[in-house]
Amino acid sequence: MQKIEYPCKIDASMQPAVVHFATGDEARPLLVALHTWSFDENGDSQGYEECCAKHNWNMIFPKFRGPNSTPEACCSEYVVSDLEDAVSYMKLVSNVDLDRVYLTGGSGGGMCALYMAGRRPDLWTAVSAWCPISDLLAWYKQCNGTRCACYARHIEGVLGKPEQNERFAQEARMRSPLTWLQNALNVPLDISTGIHDGHTGSVPVSHAFNAFNTLALPDDRIRNDYIDYIVEKEQIPEPLQGENQQDPSFMERTVHFRRQSRNARITIFEGTHEIFCATACHWLSKQVRGKKIDWQQGDKIAATGNTALTK
């Protein structure tokens, strides 16, 4: 692993990142891995690093303007431009397999992964998003006045006070994945979250379901009353209980619910606000641009990079 700075065109700055270069002369995949809500390039990259070493992938773990508490961060135009430049930089300095450019992240990184799938669908072979926020305004309301109020304060640091900023809701929509995900209908996109998130974690599972519903065919969408039941009860309602698949790549965690439609899949597993880096990379490793999506259940794998995300 190396710490580097790479050029970012939007403000002619040099932005920091952690990188891993694959070995050998063969073109190898690139993983763009995104930090969580409150961190930057110095945090929570170990699971991704271990996976990239195992698979012999190139990787970049960029700052993309740091914690989501300033206007320059949190799915801003700076973030979009910085991540475009991260991909360009890695293509310039490493031998990247252009048919295997992957994007992943959890929590705030999961939000940005969904957002970038919609903003720049052409960049990615496949995207894996874990416990993501999909609607910034909804999450603000869910956090405000609760044990997760710190995140509401962060959002105010991005957007200003709601009562003082008439553009608060409009700007929140522009920074939300749900606004852009229709552009990602052709991107293989895997969304996973723990069934207890929003209770022992910070992001209700409704965010994952709403993202999936945006991408799914109308007949495949999960009804709102079922989503409300899962959010409240932390259980799958009886009409959906047959849609579970045991997936060895989830390291013996129960998969309570799984559905796929078009190019999107949602998985609700026994867990909380977590990302399984090895599981994400295992699925991504099967995806190649221009080939049929490989949705097959994963092999049993080592629990590399299982991370409970608190921020």
# chains A, B, ... in the order shown; residues from 1 in each chain; ligands from 1
>>> residues_around(residues="Glu49 (chain A)", least_positions_apart="6", cutoff="8 Å", atoms="only C-alpha atoms", output="list in words")
Met1, His20 and Met59 of chain A
>>> write_last_selection(atoms="C-alpha atoms", output="CSV table (one decimal), in the first residue's frame")
chain,number,residue,atom,x,y,z
A,1,MET,CA,0.0,0.0,0.0
A,20,HIS,CA,-2.4,-0.8,-4.2
A,59,MET,CA,-7.0,-0.4,-5.9
>>> residues_around(residues="Asn42 (chain A)", least_positions_apart="2", cutoff="12 Å", atoms="only C-alpha atoms", output="JSON, numbers by chain")
{"A": [1, 2, 3, 4, 16, 17, 18, 19, 34, 35, 36, 38, 39, 40, 44, 45, 46, 61, 62, 63, 64, 66, 67]}
>>> atom_distance(atom1="CA of Gln246 (chain A)", atom2="CA of Ser192 (chain A)")
13.8 Å
>>> closest_residue(among="A:Ala53, A:Ile155, A:Ala264, A:Val101", to="Lys286 (chain A)", atoms="only C-alpha atoms")
A:Val101
>>> select_by_dssp(residues="region 18-246 of chain A", states="strand (DSSP E)", output="PyMOL selection string")
chain A and resi 18-20+28-34+58-62+96-106+126-130+189-194
>>> select_by_dssp(residues="region 102-285 of chain A", states="helix (DSSP H, G or I)", output="number ranges by chain")
A: 108-119, 121-123, 136-143, 149-159, 162-164, 168-174, 177-184, 206-215, 218-220, 224-233, 238-240, 248-250, 277-284
>>> closest_residue(among="A:Pro239, A:Pro248, A:Gly118, A:Pro7", to="Leu181 (chain A)", atoms="only C-alpha atoms")
A:Gly118
>>> closest_residue(among="A:Cys75, A:Leu103, A:Leu31, A:Leu240", to="Leu136 (chain A)", atoms="only C-alpha atoms")
A:Cys75
>>> atom_distance(atom1="CA of Pro204 (chain A)", atom2="CA of Thr267 (chain A)")
14.1 Å
>>> residues_around(residues="Ala152 (chain A)", least_positions_apart="6", cutoff="9 Å", atoms="only C-alpha atoms", output="PDB file with N, CA and C atoms, in the first residue's frame")
ATOM      1  N   TRP A 139     -32.984  10.626   5.412  1.00  0.00           N
ATOM      2  CA  TRP A 139     -32.075  10.226   6.491  1.00  0.00           C
ATOM      3  C   TRP A 139     -31.896  11.353   7.494  1.00  0.00           C
ATOM      4  N   TYR A 140     -31.864  12.574   7.013  1.00  0.00           N
ATOM      5  CA  TYR A 140     -31.792  13.725   7.917  1.00  0.00           C
ATOM      6  C   TYR A 140     -32.970  13.693   8.893  1.00  0.00           C
ATOM      7  N   LYS A 141     -34.166  13.490   8.379  1.00  0.00           N
ATOM      8  CA  LYS A 141     -35.354  13.461   9.236  1.00  0.00           C
ATOM      9  C   LYS A 141     -35.327  12.265  10.178  1.00  0.00           C
ATOM     10  N   GLN A 142     -34.805  11.130   9.707  1.00  0.00           N
ATOM     11  CA  GLN A 142     -34.728   9.937  10.548  1.00  0.00           C
ATOM     12  C   GLN A 142     -33.709  10.096  11.673  1.00  0.00           C
ATOM     13  N   CYS A 143     -32.658  10.861  11.425  1.00  0.00           N
ATOM     14  CA  CYS A 143     -31.608  11.051  12.427  1.00  0.00           C
ATOM     15  C   CYS A 143     -31.902  12.186  13.399  1.00  0.00           C
ATOM     16  N   ASN A 144     -32.545  13.221  12.935  1.00  0.00           N
ATOM     17  CA  ASN A 144     -32.717  14.430  13.734  1.00  0.00           C
ATOM     18  C   ASN A 144     -33.534  14.130  14.997  1.00  0.00           C
ATOM     19  N   GLY A 145     -32.980  14.494  16.137  1.00  0.00           N
ATOM     20  CA  GLY A 145     -33.661  14.282  17.401  1.00  0.00           C
ATOM     21  C   GLY A 145     -33.575  12.873  17.941  1.00  0.00           C
TER      22      GLY A 145
END
>>> residues_around(residues="region 105-112 of chain A", least_positions_apart="2", cutoff="7 Å", atoms="only C-alpha atoms", output="list in words")
Ala33, Leu34, His35, Thr36, Trp37, Cys75, Leu114, Tyr115, Met116, Ser128, Ala129, Trp130, Cys131, Pro132, Ile133, Ser134, Pro177 and Ile275 of chain A
>>> write_last_selection(atoms="C-alpha atoms", output="short mmCIF file (atom, residue, chain, number, x, y, z; two decimals), in the first residue's frame")
data_model
loop_
_atom_site.label_atom_id
_atom_site.label_comp_id
_atom_site.auth_asym_id
_atom_site.auth_seq_id
_atom_site.Cartn_x
_atom_site.Cartn_y
_atom_site.Cartn_z
CA ALA A 33 -13.19 1.59 -2.65
CA LEU A 34 -14.95 4.37 -0.75
CA HIS A 35 -14.56 5.33 2.90
CA THR A 36 -17.50 5.57 5.27
CA TRP A 37 -19.49 8.65 6.28
CA CYS A 75 -21.87 13.65 -3.18
CA LEU A 114 -25.00 4.27 -5.56
CA TYR A 115 -24.69 7.96 -6.41
CA MET A 116 -21.73 7.41 -8.74
CA SER A 128 -21.46 -3.25 -4.74
CA ALA A 129 -23.16 -0.99 -2.16
CA TRP A 130 -23.54 -1.93 1.52
CA CYS A 131 -25.90 -0.43 4.13
CA PRO A 132 -26.27 2.66 1.92
CA ILE A 133 -28.12 5.91 2.43
CA SER A 134 -30.24 6.48 -0.68
CA PRO A 177 -28.69 8.47 -5.10
CA ILE A 275 -19.87 -4.40 5.05
#
>>> atom_distance(atom1="CA of Ile227 (chain A)", atom2="CA of Phe257 (chain A)")
11.8 Å
>>> residues_around(residues="Met90 (chain A)", least_positions_apart="4", cutoff="9 Å", atoms="only C-alpha atoms", output="list of chain:residue names")
A:Val19, A:Phe21, A:Leu30, A:Asn58, A:Met59, A:Ile60, A:Asp85, A:Ala86, A:Ser94, A:Asn95, A:Val96
>>> write_last_selection(atoms="C-alpha atoms", output="PDB file, in the first residue's frame")
ATOM      1  CA  VAL A  19      -3.358   2.833  -3.520  1.00  0.00           C
ATOM      2  CA  PHE A  21      -0.784  -1.872  -7.398  1.00  0.00           C
ATOM      3  CA  LEU A  30      -9.285  -1.880 -10.567  1.00  0.00           C
ATOM      4  CA  ASN A  58      -5.216  -2.526  -8.439  1.00  0.00           C
ATOM      5  CA  MET A  59      -7.011  -0.370  -5.874  1.00  0.00           C
ATOM      6  CA  ILE A  60      -7.506   3.263  -4.986  1.00  0.00           C
ATOM      7  CA  ASP A  85     -10.003  11.593 -11.743  1.00  0.00           C
ATOM      8  CA  ALA A  86      -9.200   8.666  -9.416  1.00  0.00           C
ATOM      9  CA  SER A  94      -1.121   1.034 -13.488  1.00  0.00           C
ATOM     10  CA  ASN A  95      -2.112  -1.661 -15.946  1.00  0.00           C
ATOM     11  CA  VAL A  96      -5.897  -1.716 -15.567  1.00  0.00           C
TER      12      VAL A  96
END
>>> residues_around(residues="Arg262 (chain A)", least_positions_apart="6", cutoff="8 Å", atoms="only C-alpha atoms", output="PDB file with C-alpha atoms, in the first residue's frame")
ATOM      1  CA  LEU A 185     -30.279   0.548 -15.160  1.00  0.00           C
ATOM      2  CA  LEU A 215     -33.858  -0.046 -10.445  1.00  0.00           C
ATOM      3  CA  ALA A 216     -36.323  -2.956 -10.487  1.00  0.00           C
ATOM      4  CA  LEU A 217     -39.142  -3.744 -12.882  1.00  0.00           C
TER       5      LEU A 217
END
>>> residues_around(residues="Leu123 (chain A)", least_positions_apart="5", cutoff="10 Å", atoms="only C-alpha atoms", output="mmCIF file with C-alpha atoms, in the first residue's frame")
data_model
loop_
_atom_site.group_PDB
_atom_site.id
_atom_site.type_symbol
_atom_site.label_atom_id
_atom_site.label_comp_id
_atom_site.auth_asym_id
_atom_site.auth_seq_id
_atom_site.Cartn_x
_atom_site.Cartn_y
_atom_site.Cartn_z
ATOM 1 C CA LEU A 83 -13.723 9.998 -8.422
ATOM 2 C CA GLU A 84 -13.585 10.435 -12.184
ATOM 3 C CA VAL A 87 -10.129 6.230 -12.174
ATOM 4 C CA SER A 88 -8.169 8.223 -14.774
ATOM 5 C CA LEU A 98 -10.728 -1.850 -18.683
ATOM 6 C CA ASP A 99 -13.436 -4.525 -18.650
ATOM 7 C CA ARG A 100 -13.168 -4.922 -14.870
ATOM 8 C CA VAL A 101 -13.437 -1.558 -13.124
ATOM 9 C CA TYR A 102 -15.334 -1.993 -9.863
ATOM 10 C CA LEU A 103 -16.812 0.358 -7.265
ATOM 11 C CA MET A 116 -21.734 7.407 -8.741
ATOM 12 C CA ALA A 117 -23.499 4.477 -10.375
ATOM 13 C CA VAL A 187 -24.991 -1.327 -14.413
#
>>> closest_residue(among="A:Ala27, A:Ala149, A:Ala126, A:Leu159", to="Ser76 (chain A)", atoms="only C-alpha atoms")
A:Leu159
>>> closest_residue(among="A:Asn56, A:Asn213, A:Ser13, A:Asn224", to="Ser81 (chain A)", atoms="only C-alpha atoms")
A:Ser13
